[in-house]
Amino acid sequence: MSLTEILGYFGALFIGIVLGLIGGGGSILTVPILVYLLTINPVTATAYSLFVVGASSLVGAIKNMQKGLVDYKTAFSFAIPAVTVVFLTRRFLVPAIPNVLWTIDDFELTKNIAIMLFFALLMLFSSYSMITSQSLTNAVSQKRPSYKLLVLQAVIIGVVTGLVGAGGGFLIIPALVLLAKIPIKRAVATSLLIIAINSLIGFTGDIINTSVNWSFLLIFTFISILGIFLGMYLSNYIAGKNLKKGFGWFVLLMGSYILFKELFN
């Protein structure tokens, strides 16, 4: 086993630890770890990421269900349109994207580069959300929930999740608070169930198009889940909120690195 492979598996553990400590964000690193450390094709990496993110989120969702924090009506109102779009994106849209999108002088924009560039932009948006730490605690108003806008948001997030294999929790949570009008604590808990459903069912859209290395994928996912429990244990001693901004800056650097590498390498 090479050094980069060892670092890749440590990366899986790190993903879980971050999820356990701050309740989200760690999954944004799954695709870069799979692509740059474990040299997996970006399209395959986004498929694997859906499985890893889905399984990891399911662990957190089950814990929140036991605590009675999940709003099931909102979860399924959001998840049904979102998971339909994720599945269709993975099953039909991603395979339909041509291997070469366009060529400008000596630069050739391939499907793999385009996916990583889009993912890098998603990382930058995610890092901004974590760094600014805009509070949604008091965002719930007395107005009626806007389920039409919630469904529209679900469709948009479904496309993003399907394209890059990220859970999109930083997009889902504000939607649940601002549109479904549920408290932030329940929104965080409910988002994990939505992410688990979106990611795991979305992954099934890849099974026909992707040759899955199940032994690798299950080991990587198992290590990530172990990291979640380790992160939960460490959260008793470390305040996750204090780490969120620091992790946001790390994600910002990673996203910037991916942009530079894909455009100028």
# chains A, B, ... in the order shown; residues from 1 in each chain; ligands from 1

$ residues_around --residues "Pro42 (chain A)" --least-positions-apart "6" --cutoff "9 Å" --atoms "only C-alpha atoms" --output "list in words"
Val31, Pro32, Leu34, Val35, Lys111, Asn112, Ile113, Ile115, Met116 and Val164 of chain A

$ write_last_selection --atoms "all heavy atoms" --output "tab-separated table (two decimals), in the first residue's frame"
chain	number	residue	atom	x	y	z
A	31	VAL	N	-14.89	13.58	-2.20
A	31	VAL	CA	-14.47	13.50	-3.60
A	31	VAL	C	-12.99	13.87	-3.78
A	31	VAL	O	-12.26	13.13	-4.46
A	31	VAL	CB	-15.38	14.36	-4.50
A	31	VAL	CG1	-14.79	14.49	-5.91
A	31	VAL	CG2	-16.77	13.73	-4.58
A	32	PRO	N	-12.50	14.99	-3.21
A	32	PRO	CA	-11.07	15.30	-3.35
A	32	PRO	C	-10.16	14.19	-2.83
A	32	PRO	O	-9.13	13.90	-3.44
A	32	PRO	CB	-10.90	16.58	-2.53
A	32	PRO	CG	-12.23	17.23	-2.56
A	32	PRO	CD	-13.22	16.11	-2.53
A	34	LEU	N	-10.86	10.95	-2.65
A	34	LEU	CA	-10.94	9.82	-3.58
A	34	LEU	C	-10.17	10.08	-4.87
A	34	LEU	O	-9.51	9.20	-5.42
A	34	LEU	CB	-12.41	9.50	-3.89
A	34	LEU	CG	-13.25	8.94	-2.74
A	34	LEU	CD1	-14.72	8.87	-3.15
A	34	LEU	CD2	-12.76	7.56	-2.32
A	35	VAL	N	-10.25	11.33	-5.35
A	35	VAL	CA	-9.62	11.66	-6.65
A	35	VAL	C	-8.12	11.85	-6.51
A	35	VAL	O	-7.33	11.25	-7.27
A	35	VAL	CB	-10.27	12.93	-7.25
A	35	VAL	CG1	-9.49	13.41	-8.48
A	35	VAL	CG2	-11.72	12.65	-7.63
A	111	LYS	N	-14.88	16.25	-19.30
A	111	LYS	CA	-15.94	15.96	-18.34
A	111	LYS	C	-15.38	15.89	-16.92
A	111	LYS	O	-15.95	16.45	-15.99
A	111	LYS	CB	-16.61	14.64	-18.72
A	111	LYS	CG	-17.72	14.16	-17.81
A	111	LYS	CD	-18.27	12.85	-18.36
A	111	LYS	CE	-19.43	12.32	-17.56
A	111	LYS	NZ	-20.01	11.09	-18.16
A	112	ASN	N	-14.24	15.23	-16.76
A	112	ASN	CA	-13.63	15.08	-15.43
A	112	ASN	C	-13.21	16.44	-14.86
A	112	ASN	O	-13.43	16.72	-13.68
A	112	ASN	CB	-12.42	14.16	-15.50
A	112	ASN	CG	-12.82	12.71	-15.72
A	112	ASN	OD1	-13.96	12.32	-15.45
A	112	ASN	ND2	-11.90	11.90	-16.21
A	113	ILE	N	-12.60	17.27	-15.70
A	113	ILE	CA	-12.18	18.61	-15.24
A	113	ILE	C	-13.40	19.44	-14.85
A	113	ILE	O	-13.40	20.12	-13.82
A	113	ILE	CB	-11.34	19.32	-16.32
A	113	ILE	CG1	-9.99	18.62	-16.51
A	113	ILE	CG2	-11.12	20.78	-15.95
A	113	ILE	CD1	-9.16	19.18	-17.65
A	115	ILE	N	-16.33	18.47	-13.80
A	115	ILE	CA	-16.89	18.01	-12.53
A	115	ILE	C	-16.08	18.53	-11.35
A	115	ILE	O	-16.63	19.01	-10.35
A	115	ILE	CB	-16.97	16.46	-12.50
A	115	ILE	CG1	-18.08	15.98	-13.43
A	115	ILE	CG2	-17.19	15.95	-11.08
A	115	ILE	CD1	-18.15	14.48	-13.60
A	116	MET	N	-14.75	18.48	-11.46
A	116	MET	CA	-13.90	18.93	-10.36
A	116	MET	C	-13.97	20.45	-10.20
A	116	MET	O	-13.92	20.97	-9.08
A	116	MET	CB	-12.45	18.48	-10.58
A	116	MET	CG	-12.26	16.96	-10.49
A	116	MET	SD	-13.01	16.19	-9.04
A	116	MET	CE	-12.08	16.96	-7.71
A	164	VAL	N	-22.14	16.21	-8.19
A	164	VAL	CA	-20.84	16.21	-7.49
A	164	VAL	C	-20.78	15.23	-6.32
A	164	VAL	O	-19.72	15.06	-5.71
A	164	VAL	CB	-20.46	17.62	-6.99
A	164	VAL	CG1	-20.38	18.58	-8.15
A	164	VAL	CG2	-21.46	18.12	-5.95

$ select_by_dssp --residues "region 13-93 of chain A" --states "alpha helix (DSSP H)" --output "PyMOL selection string"
chain A and resi 13-22+30-32+42-66+72-88

$ residues_around --residues "region 199-215 of chain A" --least-positions-apart "5" --cutoff "10 Å" --atoms "only C-alpha atoms" --output "ChimeraX atom specification"
/A:43-44,46-55,57-58,82-92,94-95,158,161-162,165-167,193-194,220

$ closest_residue --among "A:Ile28, A:Ile40, A:Ile223, A:Ala75" --to "Met130 (chain A)" --atoms "only C-alpha atoms"
A:Ile28

$ residues_around --residues "Ser2 (chain A)" --least-positions-apart "3" --cutoff "10 Å" --atoms "only C-alpha atoms" --output "PyMOL selection string"
chain A and resi 5-8+37-38

$ write_last_selection --atoms "N, CA, C and O atoms" --output "PDB file, in the first residue's frame"
ATOM      1  N   GLU A   5      -2.248   6.114  -0.576  1.00  0.00           N
ATOM      2  CA  GLU A   5      -3.385   5.261  -0.217  1.00  0.00           C
ATOM      3  C   GLU A   5      -3.620   5.276   1.285  1.00  0.00           C
ATOM      4  O   GLU A   5      -4.763   5.352   1.750  1.00  0.00           O
ATOM      5  N   ILE A   6      -2.537   5.210   2.052  1.00  0.00           N
ATOM      6  CA  ILE A   6      -2.641   5.277   3.521  1.00  0.00           C
ATOM      7  C   ILE A   6      -3.259   6.606   3.924  1.00  0.00           C
ATOM      8  O   ILE A   6      -4.156   6.666   4.778  1.00  0.00           O
ATOM      9  N   LEU A   7      -2.789   7.702   3.300  1.00  0.00           N
ATOM     10  CA  LEU A   7      -3.345   9.023   3.586  1.00  0.00           C
ATOM     11  C   LEU A   7      -4.824   9.091   3.200  1.00  0.00           C
ATOM     12  O   LEU A   7      -5.618   9.752   3.872  1.00  0.00           O
ATOM     13  N   GLY A   8      -5.185   8.390   2.128  1.00  0.00           N
ATOM     14  CA  GLY A   8      -6.581   8.351   1.690  1.00  0.00           C
ATOM     15  C   GLY A   8      -7.487   7.733   2.741  1.00  0.00           C
ATOM     16  O   GLY A   8      -8.575   8.245   3.025  1.00  0.00           O
ATOM     17  N   LEU A  37      -5.949  11.490  -3.668  1.00  0.00           N
ATOM     18  CA  LEU A  37      -5.139  10.574  -2.866  1.00  0.00           C
ATOM     19  C   LEU A  37      -5.279   9.123  -3.321  1.00  0.00           C
ATOM     20  O   LEU A  37      -4.312   8.364  -3.298  1.00  0.00           O
ATOM     21  N   LEU A  38      -6.479   8.740  -3.744  1.00  0.00           N
ATOM     22  CA  LEU A  38      -6.719   7.350  -4.126  1.00  0.00           C
ATOM     23  C   LEU A  38      -6.850   7.178  -5.633  1.00  0.00           C
ATOM     24  O   LEU A  38      -7.168   6.096  -6.107  1.00  0.00           O
TER      25      LEU A  38
END

$ closest_residue --among "A:Ile195, A:Val151, A:Ile15, A:Ala114" --to "Trp102 (chain A)" --atoms "only C-alpha atoms"
A:Ala114

$ atom_distance --atom1 "CA of Leu117 (chain A)" --atom2 "CA of Ser256 (chain A)"
9.8 Å

$ atom_distance --atom1 "CA of Arg186 (chain A)" --atom2 "CA of Leu69 (chain A)"
5.3 Å

$ residues_around --residues "Phe107 (chain A)" --least-positions-apart "6" --cutoff "12 Å" --atoms "only C-alpha atoms" --output "compact mmCIF listing (two decimals) with all heavy atoms, in the first residue's frame"
# COMPACT_ATOMS: atom_id res chain seq x y z
N VAL A 100 -15.45 15.33 -23.80
CA VAL A 100 -14.80 16.62 -24.08
C VAL A 100 -15.89 17.65 -24.34
O VAL A 100 -16.67 17.50 -25.29
CB VAL A 100 -13.84 16.54 -25.28
CG1 VAL A 100 -13.22 17.91 -25.55
CG2 VAL A 100 -12.75 15.50 -25.05
N LEU A 101 -15.98 18.67 -23.48
CA LEU A 101 -17.03 19.68 -23.62
C LEU A 101 -16.66 20.72 -24.67
O LEU A 101 -17.46 21.06 -25.53
CB LEU A 101 -17.29 20.34 -22.27
CG LEU A 101 -17.81 19.39 -21.17
CD1 LEU A 101 -17.97 20.12 -19.86
CD2 LEU A 101 -19.13 18.76 -21.59
N ILE A 113 -12.60 17.27 -15.70
CA ILE A 113 -12.18 18.61 -15.24
C ILE A 113 -13.40 19.44 -14.85
O ILE A 113 -13.40 20.12 -13.82
CB ILE A 113 -11.34 19.32 -16.32
CG1 ILE A 113 -9.99 18.62 -16.51
CG2 ILE A 113 -11.12 20.78 -15.95
CD1 ILE A 113 -9.16 19.18 -17.65
N GLU A 262 -6.83 22.12 -11.56
CA GLU A 262 -7.57 21.70 -12.75
C GLU A 262 -7.43 22.67 -13.91
O GLU A 262 -7.45 22.28 -15.08
CB GLU A 262 -9.06 21.52 -12.40
CG GLU A 262 -9.34 20.41 -11.39
CD GLU A 262 -8.91 19.03 -11.87
OE1 GLU A 262 -8.88 18.80 -13.11
OE2 GLU A 262 -8.58 18.18 -11.01
N LEU A 263 -7.25 23.98 -13.59
CA LEU A 263 -7.15 24.98 -14.66
C LEU A 263 -5.74 25.14 -15.20
O LEU A 263 -5.55 25.43 -16.38
CB LEU A 263 -7.66 26.34 -14.15
CG LEU A 263 -9.17 26.46 -13.94
CD1 LEU A 263 -9.51 27.77 -13.30
CD2 LEU A 263 -9.92 26.30 -15.27
N PHE A 264 -4.74 24.96 -14.32
CA PHE A 264 -3.37 25.31 -14.72
C PHE A 264 -2.39 24.13 -14.70
O PHE A 264 -1.23 24.30 -15.05
CB PHE A 264 -2.83 26.43 -13.83
CG PHE A 264 -3.69 27.66 -13.86
CD1 PHE A 264 -4.50 27.99 -12.78
CD2 PHE A 264 -3.70 28.49 -14.98
CE1 PHE A 264 -5.30 29.13 -12.82
CE2 PHE A 264 -4.48 29.62 -15.02
CZ PHE A 264 -5.29 29.95 -13.94
N ASN A 265 -2.83 22.98 -14.26
CA ASN A 265 -1.90 21.85 -14.20
C ASN A 265 -1.69 21.24 -15.60
O ASN A 265 -2.66 20.98 -16.28
CB ASN A 265 -2.45 20.76 -13.26
CG ASN A 265 -1.42 19.68 -12.99
OD1 ASN A 265 -0.24 19.84 -13.30
ND2 ASN A 265 -1.88 18.59 -12.42

$ closest_residue --among "A:Ser146, A:Ser77, A:Thr103, A:Ser224" --to "Val59 (chain A)" --atoms "only C-alpha atoms"
A:Ser224

$ atom_distance --atom1 "CA of Ser129 (chain A)" --atom2 "CA of Phe170 (chain A)"
7.0 Å

$ closest_residue --among "A:Ala96, A:Ile131, A:Ala79, A:Ile173" --to "Gly246 (chain A)" --atoms "only C-alpha atoms"
A:Ile131

$ residues_around --residues "Leu230 (chain A)" --least-positions-apart "6" --cutoff "10 Å" --atoms "only C-alpha atoms" --output "ChimeraX atom specification"
/A:13-14,16-21,224

$ select_by_dssp --residues "region 5-251 of chain A" --states "strand (DSSP E or B)" --output "list in words"
Val100, Leu101, Trp102, Thr103, Ile104, Phe107, Glu108, Leu109 and Thr110 of chain A

$ residues_around --residues "Ala189 (chain A)" --least-positions-apart "2" --cutoff "8 Å" --atoms "only C-alpha atoms" --output "list in words"
Gly60, Ala61, Asn64, Leu69, Val70, Lys185, Arg186, Ala187, Ser191, Leu192 and Leu193 of chain A
